[in-house]
file start.cif (mmCIF, N, CA and C atoms)
data_structure
#
loop_
_atom_site.group_PDB
_atom_site.id
_atom_site.type_symbol
_atom_site.label_atom_id
_atom_site.label_comp_id
_atom_site.auth_asym_id
_atom_site.auth_seq_id
_atom_site.Cartn_x
_atom_site.Cartn_y
_atom_site.Cartn_z
ATOM 1 N N MET J 1 426.489 6.686 52.808
ATOM 2 C CA MET J 1 425.882 5.589 52.080
ATOM 3 C C MET J 1 426.628 5.399 50.762
ATOM 4 N N LEU J 2 427.006 4.173 50.506
ATOM 5 C CA LEU J 2 427.735 3.873 49.283
ATOM 6 C C LEU J 2 426.802 3.772 48.084
ATOM 7 N N MET J 3 427.208 4.386 46.989
ATOM 8 C CA MET J 3 426.461 4.241 45.736
ATOM 9 C C MET J 3 426.806 2.908 45.068
ATOM 10 N N HIS J 4 428.034 2.500 45.218
ATOM 11 C CA HIS J 4 428.519 1.277 44.590
ATOM 12 C C HIS J 4 428.436 0.153 45.625
ATOM 13 N N ARG J 5 427.406 -0.659 45.555
ATOM 14 C CA ARG J 5 427.216 -1.745 46.509
ATOM 15 C C ARG J 5 427.061 -3.055 45.761
ATOM 16 N N GLY J 6 427.816 -4.042 46.234
ATOM 17 C CA GLY J 6 427.666 -5.377 45.681
ATOM 18 C C GLY J 6 428.080 -5.523 44.233
ATOM 19 N N ILE J 7 429.085 -4.779 43.817
ATOM 20 C CA ILE J 7 429.485 -4.825 42.408
ATOM 21 C C ILE J 7 430.347 -6.038 42.088
ATOM 22 N N GLY J 8 430.954 -6.642 43.089
ATOM 23 C CA GLY J 8 431.806 -7.803 42.863
ATOM 24 C C GLY J 8 433.201 -7.409 42.415
ATOM 25 N N LEU J 9 434.150 -8.269 42.703
ATOM 26 C CA LEU J 9 435.549 -7.985 42.373
ATOM 27 C C LEU J 9 435.783 -7.965 40.868
ATOM 28 N N ASP J 10 435.198 -8.903 40.149
ATOM 29 C CA ASP J 10 435.410 -8.940 38.692
ATOM 30 C C ASP J 10 434.928 -7.650 38.031
ATOM 31 N N ARG J 11 433.757 -7.224 38.405
ATOM 32 C CA ARG J 11 433.215 -5.994 37.823
ATOM 33 C C ARG J 11 434.053 -4.784 38.225
ATOM 34 N N PHE J 12 434.487 -4.759 39.491
ATOM 35 C CA PHE J 12 435.357 -3.676 39.939
ATOM 36 C C PHE J 12 436.644 -3.651 39.114
ATOM 37 N N ASN J 13 437.247 -4.807 38.901
ATOM 38 C CA ASN J 13 438.488 -4.884 38.126
ATOM 39 C C ASN J 13 438.309 -4.386 36.694
ATOM 40 N N GLU J 14 437.099 -4.521 36.143
ATOM 41 C CA GLU J 14 436.845 -4.157 34.750
ATOM 42 C C GLU J 14 436.287 -2.747 34.565
ATOM 43 N N MET J 15 435.967 -2.071 35.651
ATOM 44 C CA MET J 15 435.404 -0.714 35.556
ATOM 45 C C MET J 15 436.387 0.243 34.903
ATOM 46 N N PRO J 16 435.883 1.250 34.227
ATOM 47 C CA PRO J 16 436.769 2.318 33.774
ATOM 48 C C PRO J 16 437.445 2.962 34.995
ATOM 49 N N ARG J 17 438.624 3.481 34.802
ATOM 50 C CA ARG J 17 439.417 4.039 35.897
ATOM 51 C C ARG J 17 438.634 5.066 36.718
ATOM 52 N N GLY J 18 437.960 5.981 36.073
ATOM 53 C CA GLY J 18 437.225 7.026 36.781
ATOM 54 C C GLY J 18 436.139 6.475 37.689
ATOM 55 N N ARG J 19 435.410 5.480 37.206
ATOM 56 C CA ARG J 19 434.361 4.870 38.030
ATOM 57 C C ARG J 19 434.961 4.106 39.199
ATOM 58 N N ALA J 20 436.087 3.438 38.968
ATOM 59 C CA ALA J 20 436.742 2.703 40.051
ATOM 60 C C ALA J 20 437.232 3.667 41.132
ATOM 61 N N ILE J 21 437.794 4.797 40.713
ATOM 62 C CA ILE J 21 438.241 5.803 41.679
ATOM 63 C C ILE J 21 437.047 6.315 42.478
ATOM 64 N N HIS J 22 435.952 6.583 41.816
ATOM 65 C CA HIS J 22 434.753 7.069 42.499
ATOM 66 C C HIS J 22 434.254 6.041 43.515
ATOM 67 N N ALA J 23 434.203 4.778 43.118
ATOM 68 C CA ALA J 23 433.752 3.719 44.021
ATOM 69 C C ALA J 23 434.666 3.619 45.245
ATOM 70 N N LEU J 24 435.954 3.702 45.028
ATOM 71 C CA LEU J 24 436.907 3.618 46.136
ATOM 72 C C LEU J 24 436.883 4.882 46.994
ATOM 73 N N TYR J 25 436.690 6.020 46.378
ATOM 74 C CA TYR J 25 436.629 7.276 47.129
ATOM 75 C C TYR J 25 435.540 7.203 48.206
ATOM 76 N N GLU J 26 434.430 6.553 47.885
ATOM 77 C CA GLU J 26 433.343 6.389 48.847
ATOM 78 C C GLU J 26 433.768 5.569 50.063
ATOM 79 N N CYS J 27 434.858 4.845 49.955
ATOM 80 C CA CYS J 27 435.316 3.981 51.047
ATOM 81 C C CYS J 27 436.273 4.688 51.999
ATOM 82 N N CYS J 28 436.993 5.710 51.528
ATOM 83 C CA CYS J 28 438.017 6.351 52.364
ATOM 84 C C CYS J 28 438.053 7.864 52.241
ATOM 85 N N TYR J 29 437.424 8.426 51.228
ATOM 86 C CA TYR J 29 437.361 9.884 51.016
ATOM 87 C C TYR J 29 438.733 10.509 50.780
ATOM 88 N N ASN J 30 439.557 9.804 50.006
ATOM 89 C CA ASN J 30 440.855 10.353 49.621
ATOM 90 C C ASN J 30 441.106 9.965 48.170
ATOM 91 N N VAL J 31 441.213 10.963 47.299
ATOM 92 C CA VAL J 31 441.362 10.709 45.863
ATOM 93 C C VAL J 31 442.695 10.030 45.550
ATOM 94 N N THR J 32 443.774 10.453 46.179
ATOM 95 C CA THR J 32 445.082 9.852 45.908
ATOM 96 C C THR J 32 445.070 8.375 46.277
ATOM 97 N N TRP J 33 444.531 8.053 47.434
ATOM 98 C CA TRP J 33 444.416 6.661 47.889
ATOM 99 C C TRP J 33 443.586 5.860 46.879
ATOM 100 N N ALA J 34 442.448 6.409 46.492
ATOM 101 C CA ALA J 34 441.555 5.720 45.564
ATOM 102 C C ALA J 34 442.229 5.504 44.206
ATOM 103 N N ALA J 35 442.946 6.502 43.725
ATOM 104 C CA ALA J 35 443.620 6.378 42.426
ATOM 105 C C ALA J 35 444.708 5.313 42.470
ATOM 106 N N LYS J 36 445.453 5.256 43.557
ATOM 107 C CA LYS J 36 446.516 4.237 43.665
ATOM 108 C C LYS J 36 445.924 2.837 43.667
ATOM 109 N N LEU J 37 444.806 2.654 44.345
ATOM 110 C CA LEU J 37 444.164 1.338 44.356
ATOM 111 C C LEU J 37 443.576 1.007 42.990
ATOM 112 N N ALA J 38 442.948 1.982 42.360
ATOM 113 C CA ALA J 38 442.367 1.748 41.037
ATOM 114 C C ALA J 38 443.455 1.406 40.020
ATOM 115 N N ASP J 39 444.584 2.088 40.112
ATOM 116 C CA ASP J 39 445.667 1.861 39.154
ATOM 117 C C ASP J 39 446.385 0.531 39.361
ATOM 118 N N ALA J 40 446.201 -0.089 40.521
ATOM 119 C CA ALA J 40 446.855 -1.378 40.803
ATOM 120 C C ALA J 40 446.001 -2.569 40.347
ATOM 121 N N ARG J 41 444.843 -2.300 39.751
ATOM 122 C CA ARG J 41 443.993 -3.389 39.262
ATOM 123 C C ARG J 41 444.647 -4.069 38.074
ATOM 124 N N PRO J 42 444.318 -5.318 37.820
ATOM 125 C CA PRO J 42 443.299 -6.135 38.465
ATOM 126 C C PRO J 42 443.848 -6.815 39.721
ATOM 127 N N TYR J 43 442.948 -7.034 40.661
ATOM 128 C CA TYR J 43 443.272 -7.754 41.879
ATOM 129 C C TYR J 43 442.846 -9.205 41.716
ATOM 130 N N PRO J 44 443.722 -10.142 42.092
ATOM 131 C CA PRO J 44 443.372 -11.558 41.925
ATOM 132 C C PRO J 44 442.285 -12.014 42.896
ATOM 133 N N ASP J 45 442.213 -11.331 44.042
ATOM 134 C CA ASP J 45 441.193 -11.690 45.020
ATOM 135 C C ASP J 45 440.966 -10.505 45.955
ATOM 136 N N ARG J 46 439.974 -10.627 46.769
ATOM 137 C CA ARG J 46 439.569 -9.578 47.691
ATOM 138 C C ARG J 46 440.674 -9.263 48.710
ATOM 139 N N ASP J 47 441.382 -10.303 49.162
ATOM 140 C CA ASP J 47 442.462 -10.077 50.129
ATOM 141 C C ASP J 47 443.569 -9.203 49.554
ATOM 142 N N ALA J 48 443.863 -9.367 48.283
ATOM 143 C CA ALA J 48 444.889 -8.540 47.648
ATOM 144 C C ALA J 48 444.454 -7.078 47.630
ATOM 145 N N LEU J 49 443.195 -6.828 47.351
ATOM 146 C CA LEU J 49 442.672 -5.457 47.359
ATOM 147 C C LEU J 49 442.735 -4.877 48.771
ATOM 148 N N LEU J 50 442.313 -5.643 49.767
ATOM 149 C CA LEU J 50 442.332 -5.153 51.145
ATOM 150 C C LEU J 50 443.759 -4.907 51.646
ATOM 151 N N THR J 51 444.686 -5.760 51.250
ATOM 152 C CA THR J 51 446.086 -5.576 51.632
ATOM 153 C C THR J 51 446.642 -4.292 51.024
ATOM 154 N N LYS J 52 446.349 -4.055 49.752
ATOM 155 C CA LYS J 52 446.791 -2.823 49.085
ATOM 156 C C LYS J 52 446.136 -1.609 49.736
ATOM 157 N N ALA J 53 444.867 -1.731 50.088
ATOM 158 C CA ALA J 53 444.157 -0.624 50.741
ATOM 159 C C ALA J 53 444.832 -0.266 52.057
ATOM 160 N N ASP J 54 445.167 -1.272 52.844
ATOM 161 C CA ASP J 54 445.854 -1.028 54.121
ATOM 162 C C ASP J 54 447.216 -0.373 53.905
ATOM 163 N N ALA J 55 447.952 -0.867 52.928
ATOM 164 C CA ALA J 55 449.285 -0.309 52.657
ATOM 165 C C ALA J 55 449.192 1.160 52.253
ATOM 166 N N GLU J 56 448.219 1.483 51.425
ATOM 167 C CA GLU J 56 448.082 2.874 50.989
ATOM 168 C C GLU J 56 447.541 3.775 52.098
ATOM 169 N N LEU J 57 446.795 3.226 53.045
ATOM 170 C CA LEU J 57 446.375 4.023 54.203
ATOM 171 C C LEU J 57 447.583 4.485 55.001
ATOM 172 N N LEU J 58 448.581 3.614 55.114
ATOM 173 C CA LEU J 58 449.794 3.969 55.853
ATOM 174 C C LEU J 58 450.552 5.121 55.201
ATOM 175 N N ALA J 59 450.336 5.316 53.907
ATOM 176 C CA ALA J 59 451.021 6.390 53.185
ATOM 177 C C ALA J 59 450.313 7.738 53.322
ATOM 178 N N LEU J 60 449.104 7.751 53.880
ATOM 179 C CA LEU J 60 448.372 9.009 54.033
ATOM 180 C C LEU J 60 449.025 9.903 55.084
ATOM 181 N N SER J 61 448.981 11.183 54.827
ATOM 182 C CA SER J 61 449.461 12.138 55.824
ATOM 183 C C SER J 61 448.455 12.206 56.972
ATOM 184 N N GLN J 62 448.881 12.726 58.097
ATOM 185 C CA GLN J 62 447.960 12.874 59.225
ATOM 186 C C GLN J 62 446.784 13.771 58.844
ATOM 187 N N ARG J 63 447.048 14.796 58.047
ATOM 188 C CA ARG J 63 445.972 15.688 57.598
ATOM 189 C C ARG J 63 444.956 14.931 56.738
ATOM 190 N N ASP J 64 445.445 14.057 55.850
ATOM 191 C CA ASP J 64 444.540 13.253 55.028
ATOM 192 C C ASP J 64 443.702 12.308 55.884
ATOM 193 N N VAL J 65 444.300 11.752 56.916
ATOM 194 C CA VAL J 65 443.562 10.878 57.834
ATOM 195 C C VAL J 65 442.459 11.672 58.521
ATOM 196 N N GLU J 66 442.787 12.867 58.989
ATOM 197 C CA GLU J 66 441.782 13.711 59.648
ATOM 198 C C GLU J 66 440.656 14.094 58.685
ATOM 199 N N ARG J 67 441.002 14.390 57.451
ATOM 200 C CA ARG J 67 439.975 14.714 56.445
ATOM 201 C C ARG J 67 439.052 13.522 56.212
ATOM 202 N N ALA J 68 439.626 12.329 56.184
ATOM 203 C CA ALA J 68 438.805 11.135 56.005
ATOM 204 C C ALA J 68 437.825 10.990 57.165
ATOM 205 N N PHE J 69 438.294 11.228 58.387
ATOM 206 C CA PHE J 69 437.401 11.133 59.538
ATOM 207 C C PHE J 69 436.333 12.227 59.518
ATOM 208 N N GLU J 70 436.677 13.391 59.032
ATOM 209 C CA GLU J 70 435.685 14.468 58.922
ATOM 210 C C GLU J 70 434.541 14.062 58.005
ATOM 211 N N ALA J 71 434.838 13.256 56.991
ATOM 212 C CA ALA J 71 433.825 12.816 56.043
ATOM 213 C C ALA J 71 433.003 11.633 56.570
ATOM 214 N N LEU J 72 433.468 11.007 57.633
ATOM 215 C CA LEU J 72 432.796 9.828 58.182
ATOM 216 C C LEU J 72 431.878 10.210 59.341
ATOM 217 N N VAL J 73 431.063 11.211 59.136
ATOM 218 C CA VAL J 73 430.235 11.740 60.229
ATOM 219 C C VAL J 73 429.208 10.733 60.741
ATOM 220 N N HIS J 74 428.820 9.763 59.945
ATOM 221 C CA HIS J 74 427.801 8.809 60.365
ATOM 222 C C HIS J 74 428.391 7.517 60.925
ATOM 223 N N GLU J 75 429.688 7.437 61.020
ATOM 224 C CA GLU J 75 430.345 6.245 61.549
ATOM 225 C C GLU J 75 430.658 6.453 63.023
ATOM 226 N N GLN J 76 430.549 5.384 63.792
ATOM 227 C CA GLN J 76 430.950 5.450 65.194
ATOM 228 C C GLN J 76 432.433 5.121 65.283
ATOM 229 N N VAL J 77 433.197 6.059 65.787
ATOM 230 C CA VAL J 77 434.630 5.857 65.950
ATOM 231 C C VAL J 77 435.019 6.214 67.373
ATOM 232 N N SER J 78 435.948 5.451 67.917
ATOM 233 C CA SER J 78 436.408 5.726 69.275
ATOM 234 C C SER J 78 437.672 6.581 69.273
ATOM 235 N N SER J 79 438.391 6.558 68.166
ATOM 236 C CA SER J 79 439.593 7.384 68.055
ATOM 237 C C SER J 79 439.860 7.653 66.581
ATOM 238 N N HIS J 80 440.615 8.690 66.322
ATOM 239 C CA HIS J 80 440.946 9.051 64.939
ATOM 240 C C HIS J 80 442.343 8.541 64.610
ATOM 241 N N ASP J 81 442.483 7.236 64.536
ATOM 242 C CA ASP J 81 443.779 6.664 64.201
ATOM 243 C C ASP J 81 443.637 5.735 62.997
ATOM 244 N N LEU J 82 444.774 5.284 62.495
ATOM 245 C CA LEU J 82 444.762 4.457 61.282
ATOM 246 C C LEU J 82 444.040 3.133 61.477
ATOM 247 N N ALA J 83 444.093 2.567 62.671
ATOM 248 C CA ALA J 83 443.401 1.300 62.907
ATOM 249 C C ALA J 83 441.894 1.470 62.719
ATOM 250 N N GLN J 84 441.342 2.554 63.240
ATOM 251 C CA GLN J 84 439.917 2.823 63.061
ATOM 252 C C GLN J 84 439.594 3.078 61.590
ATOM 253 N N LEU J 85 440.429 3.877 60.933
ATOM 254 C CA LEU J 85 440.186 4.171 59.522
ATOM 255 C C LEU J 85 440.283 2.899 58.686
ATOM 256 N N ALA J 86 441.234 2.034 58.997
ATOM 257 C CA ALA J 86 441.369 0.763 58.275
ATOM 258 C C ALA J 86 440.135 -0.105 58.484
ATOM 259 N N ARG J 87 439.610 -0.158 59.691
ATOM 260 C CA ARG J 87 438.424 -0.959 59.983
ATOM 261 C C ARG J 87 437.232 -0.462 59.154
ATOM 262 N N ILE J 88 437.033 0.835 59.163
ATOM 263 C CA ILE J 88 435.914 1.422 58.424
ATOM 264 C C ILE J 88 436.097 1.229 56.922
ATOM 265 N N THR J 89 437.296 1.465 56.446
ATOM 266 C CA THR J 89 437.586 1.343 55.018
ATOM 267 C C THR J 89 437.382 -0.094 54.541
ATOM 268 N N ARG J 90 437.873 -1.058 55.311
ATOM 269 C CA ARG J 90 437.697 -2.471 54.951
ATOM 270 C C ARG J 90 436.213 -2.830 54.889
ATOM 271 N N ALA J 91 435.447 -2.348 55.856
ATOM 272 C CA ALA J 91 434.008 -2.633 55.861
ATOM 273 C C ALA J 91 433.336 -2.018 54.636
ATOM 274 N N ARG J 92 433.738 -0.828 54.265
ATOM 275 C CA ARG J 92 433.149 -0.166 53.100
ATOM 276 C C ARG J 92 433.561 -0.851 51.797
ATOM 277 N N ILE J 93 434.798 -1.304 51.715
ATOM 278 C CA ILE J 93 435.228 -2.047 50.527
ATOM 279 C C ILE J 93 434.437 -3.349 50.427
ATOM 280 N N SER J 94 434.237 -4.021 51.555
ATOM 281 C CA SER J 94 433.446 -5.253 51.553
ATOM 282 C C SER J 94 432.015 -4.983 51.104
ATOM 283 N N GLY J 95 431.440 -3.866 51.547
ATOM 284 C CA GLY J 95 430.100 -3.495 51.099
ATOM 285 C C GLY J 95 430.066 -3.175 49.619
ATOM 286 N N MET J 96 431.119 -2.519 49.143
ATOM 287 C CA MET J 96 431.208 -2.193 47.723
ATOM 288 C C MET J 96 431.251 -3.477 46.889
ATOM 289 N N LEU J 97 432.037 -4.446 47.319
ATOM 290 C CA LEU J 97 432.194 -5.677 46.551
ATOM 291 C C LEU J 97 431.011 -6.626 46.722
ATOM 292 N N GLY J 98 430.408 -6.642 47.887
ATOM 293 C CA GLY J 98 429.324 -7.574 48.156
ATOM 294 C C GLY J 98 429.849 -8.878 48.708
ATOM 295 N N PRO J 99 428.971 -9.883 48.868
ATOM 296 C CA PRO J 99 429.387 -11.142 49.466
ATOM 297 C C PRO J 99 430.427 -11.865 48.631
ATOM 298 N N VAL J 100 431.347 -12.535 49.314
ATOM 299 C CA VAL J 100 432.421 -13.267 48.630
ATOM 300 C C VAL J 100 431.839 -14.294 47.659
ATOM 301 N N GLU J 101 430.794 -14.956 48.096
ATOM 302 C CA GLU J 101 430.199 -16.011 47.252
ATOM 303 C C GLU J 101 429.298 -15.450 46.161
ATOM 304 N N GLY J 102 429.149 -14.133 46.131
ATOM 305 C CA GLY J 102 428.304 -13.499 45.128
ATOM 306 C C GLY J 102 426.830 -13.577 45.508
ATOM 307 N N TYR J 103 426.011 -12.989 44.696
ATOM 308 C CA TYR J 103 424.576 -13.008 44.922
ATOM 309 C C TYR J 103 423.966 -14.186 44.181
ATOM 310 N N PRO J 104 422.883 -14.739 44.702
ATOM 311 C CA PRO J 104 422.247 -15.878 44.011
ATOM 312 C C PRO J 104 421.640 -15.439 42.679
ATOM 313 N N GLU J 105 421.605 -16.362 41.759
ATOM 314 C CA GLU J 105 420.973 -16.120 40.461
ATOM 315 C C GLU J 105 419.466 -16.270 40.626
ATOM 316 N N TYR J 106 418.715 -15.388 40.017
ATOM 317 C CA TYR J 106 417.251 -15.465 40.079
ATOM 318 C C TYR J 106 416.693 -15.760 38.731
#

call {"tool": "encode", "arguments": {"input": "start.cif", "output": "structure tokens"}}
result
Amino acid sequence: MLMHRGIGLDRFNEMPRGRAIHALYECCYNVTWAAKLADARPYPDRDALLTKADAELLALSQRDVERAFEALVHEQVSSHDLAQLARITRARISGMLGPVEGYPEY
């Protein structure tokens, strides 16, 4: 379960580095991956963040990929490959950011 839900891209871009790393860590369970994404901020849009996330997944070692899957005990996965990890990670990043159109004002 993500602690950081619906924070929006603008807020994510403005977070202190440590909080951004923590939010991203919840998406993939790899500190190096999370730090690289946090350090590449600000992102102009959600697609830029997702593209960077995918690129940094490719840089993970096989051991790091396996560790990420070990942490995803509540996710349904059919195989332990990068495509599955990318799918899960993208979904978690989307949950972290919330809806593209934002939440309605009350």

call {"tool": "select_by_dssp", "arguments": {"input": "start.cif", "residues": "range 2-105 of chain J", "states": "alpha helix (DSSP H)", "output": "ChimeraX atom specification"}}
result
/J:9-14,17-28,31-39,46-58,62-71,82-97

call {"tool": "resolve_selection", "arguments": {"input": "start.cif", "expression": "the PyMOL selection byres (((chain J and resi 10 and name CA) around 12) and name CA)", "output": "list in words"}}
result
Gly6, Ile7, Gly8, Leu9, Arg11, Phe12, Asn13, Glu14, Met15, Ala20, Arg41, Pro42, Tyr43, Pro44, Asp45, Arg46, Leu49, Leu97, Gly98, Val100 and Gly102 of chain J

call {"tool": "atom_distance", "arguments": {"input": "start.cif", "atom1": "atom N of Arg67 in chain J", "atom2": "CA of Arg87 in chain J"}}
result
15.8 Å

call {"tool": "residues_around", "arguments": {"input": "start.cif", "residues": "Glu56 in chain J", "least_positions_apart": "2", "cutoff": "8 Å", "atoms": "only C-alpha atoms", "output": "list of chain:residue names"}}
result
J:Trp33, J:Lys36, J:Leu37, J:Lys52, J:Ala53, J:Asp54, J:Leu58, J:Ala59, J:Leu60

call {"tool": "atom_distance", "arguments": {"input": "start.cif", "atom1": "CA of Pro99 in chain J", "atom2": "CA of Leu24 in chain J"}}
result
16.9 Å

call {"tool": "atom_distance", "arguments": {"input": "start.cif", "atom1": "atom N of Tyr29 in chain J", "atom2": "atom N of Gly95 in chain J"}}
result
13.7 Å
